[in-house]
Amino acid sequence: MALSGCVPVAGPAGLAATPTMAKAPVVYTITRLGPLEKLESSDLESTSADAINESGQVVGYGFVRRGNGLEAHAFFFDGGKMKDLGTLNDEDSEGVAVNSAGEVAGGSGSHAFLFSKGRMQDLGTLGGGTSRASAVNSAGEVAGRSELADGSLHAVLVQQGKMEDLGTFTGNYSYATGLNDAGDVVGVYGKATQVVTRTGVQQRREDNHGFLLHLGKMQDLGNLGGGLSEPAGINASGQIVGSSSTADGSTHAFIYQDGHMQDLGTLNWGDSSARAINSSGQIVGTFGSRSHAFLYANGRMHDLNTLVGAGQLTAAGASVMQDALSINDRGQIICRGRDNNGNHGSYLLTPVSSAALAKALAEEVPPSKGWTLKALGTLGGVESMAIAINDSGEVAGNADTGKVRPLPPGQPPSWRDNIFHAFLYRDGKMQDLFPMDGEASEATSINIGGQVVGQFKPAEGSYHAFLYWDGKVQDLGDLGGGFSEADGINASGEIVGRAFDSGHEVPVAFHFSGGRMQKLDLHSFLGEDIQINEITGINDAGLVIGEAGGHAFIYHPDGWMEFPGFSPTAINATGQVVGGEYSTIGEDGLNAFLLDHDREVDLGSLGWGSSYANGINAAGQIVGEFGPGTFQKFGMAHAFIFSDGRMQDLNAIVGEAGLAAAGFKVLKTASGINARGQIVGTGTDLKGHDMAFLLTPPAVAK
């Protein structure tokens, strides 16, 4: 990935060994399902699988060519072979459930069907235009839904070809989602409202309440505090799984047993939904807005991508398992995901052995004991962000003062924003470095001596770089252009940043030392008209990192440059550089990278679409953030630490209980790590605000 440029010479001695990914043991074999028929478009080759029975037979749908178009046909997968089940009246069909005898329930066109003894049987309706199947038990009974003649929707149970109306409980609509061999039915009921659309009057069904129909009696399942619930399946023991809204508006997977609904959590990714449960109580589903599939076993939710391992996924041609829809008693799981080209596909995961799976589940890293998580607070407002930490444990960052910036005349109130000030956190207290009214400020770096640099803006005028040291703030001035910003400081007090000077229309780099700001001569390498996009750091050897004209660079104080293939964010004392670069595979995400001397190492993303490294200490431990491919756009990220060749989610290390005890929902990004392994960054607190955190490992906490 390295860009052409000046030839780099040997770097400083003593670099840490390049991290390598440990080869994970094989827990599952992965089989991609389909296609039913080879098509020209790879996007359409993918089948969509829905369910699996105890024999490992799978049903779903796939595309076939008919004339000049395509039709979706229900399929039956058995022994490595795909069988086309056909359709009713030449309309699209889909298999959604399969029982132990290989009978398939689903829908074709607007009607539910049961495929049995080689024939697709139309199950009809309750007098309306449509019906749909959702589950089938070993007796061939089918649960689902049907329209009545008046257009209302009711849950149904089909026995020996006869469709029975299950009613709507206290609502005006219902539909069944699950059925077990005892004839217990689960589903949803609610109160629909009439809405007028361009196509006429329609019912809007959004008041979903879960129900259980047992021995002819319908029971409301309750919820997790948010009012709504939707069961997805029920096993032979009567355990029910599904999803429910919570008091904070999220959606969480649940299990209902012994009259109680239990929240299964989300692995701190916001939302989760359970899809199915086997007779052993193992549950599968999705978490993180359908970004990762999970297996819930032994009282914990496990990311299936972690259990499978990145290497095994890649070897099977898959990049991620996004949603797990069905699991049988052998532990086989049906997943939907993406292949290495970013196309959607369906996969069958089969445990290599029960012992291998049990071992992998036992070895999944539980929340670590002894880590101390602390919220750093604010300067009177509601938000704060930690930016950097030195080896003494002092933290620099920015915090909301609670003061509001005056609006220019004529601007709407929605444009009003709070004033943030740079802070120094030491000895358990947050100190405002700019307590004067009317000024905004931002801290960017701190060195071992507690010197903090950044930029500040007075009530009038442009930003100027500053140095805070020993209780005093020093304006570093500029290069004659009225603007400057400081971005890094090393142990010797050398400062680097950007500024305008009188000779350039774009920012140039500066070096501040000995009380004097001087232009850093990068343009002799880059060209006079190249804009210095950002300077991101300087280490104790005087190496400067940044980005200019779309090219990342490392500037050596003896007057030469090298150009890594990713955007650099931090450099440690040994010259190791971390950052990130846009991925060219799959979703438009980012990849965290390490430049270790002359080798670039992709750090991975724990099976998610993106990652970005923000900090590195002298021992080569790296921190940053990872998440879905669009996490930067939607802000859905998790903080990570990369150590000993392995990336770990800091939220998993702390655990949900540890997060809640410290007042956090999630740790979103880690921005710095010191020699003692203390980590700083920003999380979301229990009220939904950004909050700076300090995370201290057990050895230091003692």
# chains A, B, ... in the order shown; residues from 1 in each chain; ligands from 1
$ closest_atom_pairs --of "stretch 369-405 of chain A" --to "stretch 424-427 of chain A" --cutoff "12 Å" --atoms "only C-alpha atoms" --output "JSON lines"
{"residue": "A:Lys374", "atom": "CA", "partner": "A:Tyr425", "partner_atom": "CA", "distance": 12.0}
{"residue": "A:Ala375", "atom": "CA", "partner": "A:Tyr425", "partner_atom": "CA", "distance": 11.3}
{"residue": "A:Leu376", "atom": "CA", "partner": "A:Tyr425", "partner_atom": "CA", "distance": 7.8}
{"residue": "A:Gly377", "atom": "CA", "partner": "A:Tyr425", "partner_atom": "CA", "distance": 9.8}
{"residue": "A:Thr378", "atom": "CA", "partner": "A:Tyr425", "partner_atom": "CA", "distance": 10.5}
{"residue": "A:Leu379", "atom": "CA", "partner": "A:Leu424", "partner_atom": "CA", "distance": 10.9}
{"residue": "A:Ser384", "atom": "CA", "partner": "A:Tyr425", "partner_atom": "CA", "distance": 11.7}
{"residue": "A:Met385", "atom": "CA", "partner": "A:Leu424", "partner_atom": "CA", "distance": 11.5}
{"residue": "A:Ala386", "atom": "CA", "partner": "A:Tyr425", "partner_atom": "CA", "distance": 9.3}
{"residue": "A:Ile387", "atom": "CA", "partner": "A:Leu424", "partner_atom": "CA", "distance": 10.3}
{"residue": "A:Ala388", "atom": "CA", "partner": "A:Leu424", "partner_atom": "CA", "distance": 9.9}
{"residue": "A:Ile389", "atom": "CA", "partner": "A:Tyr425", "partner_atom": "CA", "distance": 9.2}
{"residue": "A:Asn390", "atom": "CA", "partner": "A:Arg426", "partner_atom": "CA", "distance": 10.5}
{"residue": "A:Asp391", "atom": "CA", "partner": "A:Arg426", "partner_atom": "CA", "distance": 11.9}
{"residue": "A:Ser392", "atom": "CA", "partner": "A:Arg426", "partner_atom": "CA", "distance": 9.0}
{"residue": "A:Gly393", "atom": "CA", "partner": "A:Arg426", "partner_atom": "CA", "distance": 7.3}
{"residue": "A:Glu394", "atom": "CA", "partner": "A:Arg426", "partner_atom": "CA", "distance": 5.0}
{"residue": "A:Val395", "atom": "CA", "partner": "A:Tyr425", "partner_atom": "CA", "distance": 4.9}
{"residue": "A:Ala396", "atom": "CA", "partner": "A:Leu424", "partner_atom": "CA", "distance": 4.8}
{"residue": "A:Gly397", "atom": "CA", "partner": "A:Leu424", "partner_atom": "CA", "distance": 6.7}
{"residue": "A:Asn398", "atom": "CA", "partner": "A:Leu424", "partner_atom": "CA", "distance": 8.6}
{"residue": "A:Ala399", "atom": "CA", "partner": "A:Leu424", "partner_atom": "CA", "distance": 10.1}
$ atom_distance --atom1 "atom CA of A:Ser291" --atom2 "atom CA of A:Asn99"
28.3 Å
$ closest_residue --among "A:Ala660, A:Val284, A:Leu213, A:Val453" --to "A:Ser441" --atoms "only C-alpha atoms"
A:Val453
$ atom_distance --atom1 "atom CA of A:Asp432" --atom2 "atom CA of A:His464"
17.4 Å
$ select_by_dssp --residues "stretch 93-271 of chain A" --states "strand (DSSP E or B)" --output "MDAnalysis selection string"
chainID A and resid 93:98 104:108 111:116 119:122 126:136 142:148 153:159 162:165 173:179 185:190 193:197 200:204 209:214 217:220 224:234 240:246 251:257 260:263
$ residues_around --residues "A:Phe77" --least-positions-apart "5" --cutoff "8 Å" --atoms "only C-alpha atoms" --output "CSV table (one decimal) with N, CA, C and O atoms, in the first residue's frame"
chain,number,residue,atom,x,y,z
A,33,LEU,N,-25.4,-21.4,0.6
A,33,LEU,CA,-26.6,-22.1,0.0
A,33,LEU,C,-26.9,-21.5,-1.4
A,33,LEU,O,-27.0,-20.3,-1.5
A,57,GLN,N,-32.2,-30.0,7.0
A,57,GLN,CA,-32.8,-29.6,5.8
A,57,GLN,C,-33.2,-28.1,5.9
A,57,GLN,O,-33.7,-27.7,7.0
A,58,VAL,N,-33.0,-27.4,4.8
A,58,VAL,CA,-33.1,-25.9,4.9
A,58,VAL,C,-34.1,-25.5,3.8
A,58,VAL,O,-34.2,-26.0,2.7
A,59,VAL,N,-34.9,-24.5,4.1
A,59,VAL,CA,-35.9,-23.9,3.2
A,59,VAL,C,-35.7,-22.4,3.1
A,59,VAL,O,-35.2,-21.8,4.0
A,82,MET,N,-30.0,-28.5,-3.9
A,82,MET,CA,-31.1,-27.6,-3.9
A,82,MET,C,-32.2,-28.1,-4.8
A,82,MET,O,-32.0,-28.6,-5.9
A,83,LYS,N,-33.4,-28.1,-4.2
A,83,LYS,CA,-34.6,-28.6,-5.0
A,83,LYS,C,-35.6,-27.4,-5.1
A,83,LYS,O,-35.9,-26.7,-4.1
$ residues_around --residues "A:Asp184" --least-positions-apart "4" --cutoff "6 Å" --atoms "only C-alpha atoms" --output "ChimeraX atom specification"
/A:179-180,213-214
$ residues_around --residues "stretch 664-680 of chain A" --least-positions-apart "3" --cutoff "7 Å" --atoms "only C-alpha atoms" --output "ChimeraX atom specification"
/A:268,386-391,614-619,623-625,637-640,651,659-660,683-686,693-697,700
$ select_by_dssp --residues "stretch 292-468 of chain A" --states "alpha helix (DSSP H)" --output "PyMOL selection string"
chain A and resi 304-308+310-315+354-363
$ atom_distance --atom1 "atom CA of A:Gly450" --atom2 "atom CA of A:Tyr468"
8.4 Å
$ closest_residue --among "A:Gly477, A:Pro568, A:Gly607, A:Gly226" --to "A:Gly537" --atoms "only C-alpha atoms"
A:Pro568
$ closest_residue --among "A:Tyr175, A:Phe466, A:Phe169, A:Trp371" --to "A:Glu147" --atoms "only C-alpha atoms"
A:Tyr175
$ residues_around --residues "stretch 242-256 of chain A" --least-positions-apart "3" --cutoff "9 Å" --atoms "only C-alpha atoms" --output "number ranges by chain"
A: 209-210, 221-233, 238-239, 259-266, 270-276, 283, 285-287
$ closest_residue --among "A:Thr31, A:Asn591, A:Thr574, A:Thr682" --to "A:Ser346" --atoms "only C-alpha atoms"
A:Thr31
$ closest_residue --among "A:Asn137, A:Thr125, A:Thr536, A:Gln219" --to "A:Gly151" --atoms "only C-alpha atoms"
A:Thr125
$ residues_around --residues "A:Phe566" --least-positions-apart "2" --cutoff "6 Å" --atoms "only C-alpha atoms" --output "PDB file with all heavy atoms, in the first residue's frame"
ATOM      1  N   PRO A 564       3.253   6.770   3.894  1.00  0.00           N
ATOM      2  CA  PRO A 564       2.469   5.555   4.135  1.00  0.00           C
ATOM      3  C   PRO A 564       1.178   5.573   3.327  1.00  0.00           C
ATOM      4  O   PRO A 564       0.752   6.627   2.836  1.00  0.00           O
ATOM      5  CB  PRO A 564       2.178   5.618   5.639  1.00  0.00           C
ATOM      6  CG  PRO A 564       2.225   7.067   5.971  1.00  0.00           C
ATOM      7  CD  PRO A 564       3.257   7.672   5.057  1.00  0.00           C
ATOM      8  N   GLY A 580      -5.896   5.076   9.603  1.00  0.00           N
ATOM      9  CA  GLY A 580      -6.900   4.310   8.882  1.00  0.00           C
ATOM     10  C   GLY A 580      -6.965   4.707   7.436  1.00  0.00           C
ATOM     11  O   GLY A 580      -6.445   5.747   7.020  1.00  0.00           O
ATOM     12  N   GLU A 581      -7.607   3.852   6.643  1.00  0.00           N
ATOM     13  CA  GLU A 581      -7.758   4.100   5.222  1.00  0.00           C
ATOM     14  C   GLU A 581      -9.063   3.488   4.753  1.00  0.00           C
ATOM     15  O   GLU A 581      -9.551   2.511   5.320  1.00  0.00           O
ATOM     16  CB  GLU A 581      -6.580   3.484   4.445  1.00  0.00           C
ATOM     17  CG  GLU A 581      -6.565   3.798   2.959  1.00  0.00           C
ATOM     18  CD  GLU A 581      -6.549   5.284   2.674  1.00  0.00           C
ATOM     19  OE1 GLU A 581      -7.646   5.873   2.618  1.00  0.00           O
ATOM     20  OE2 GLU A 581      -5.472   5.869   2.501  1.00  0.00           O
TER      21      GLU A 581
END
$ closest_residue --among "A:Gly380, A:Gly144, A:Gly56, A:Gly488" --to "A:Ser326" --atoms "only C-alpha atoms"
A:Gly56
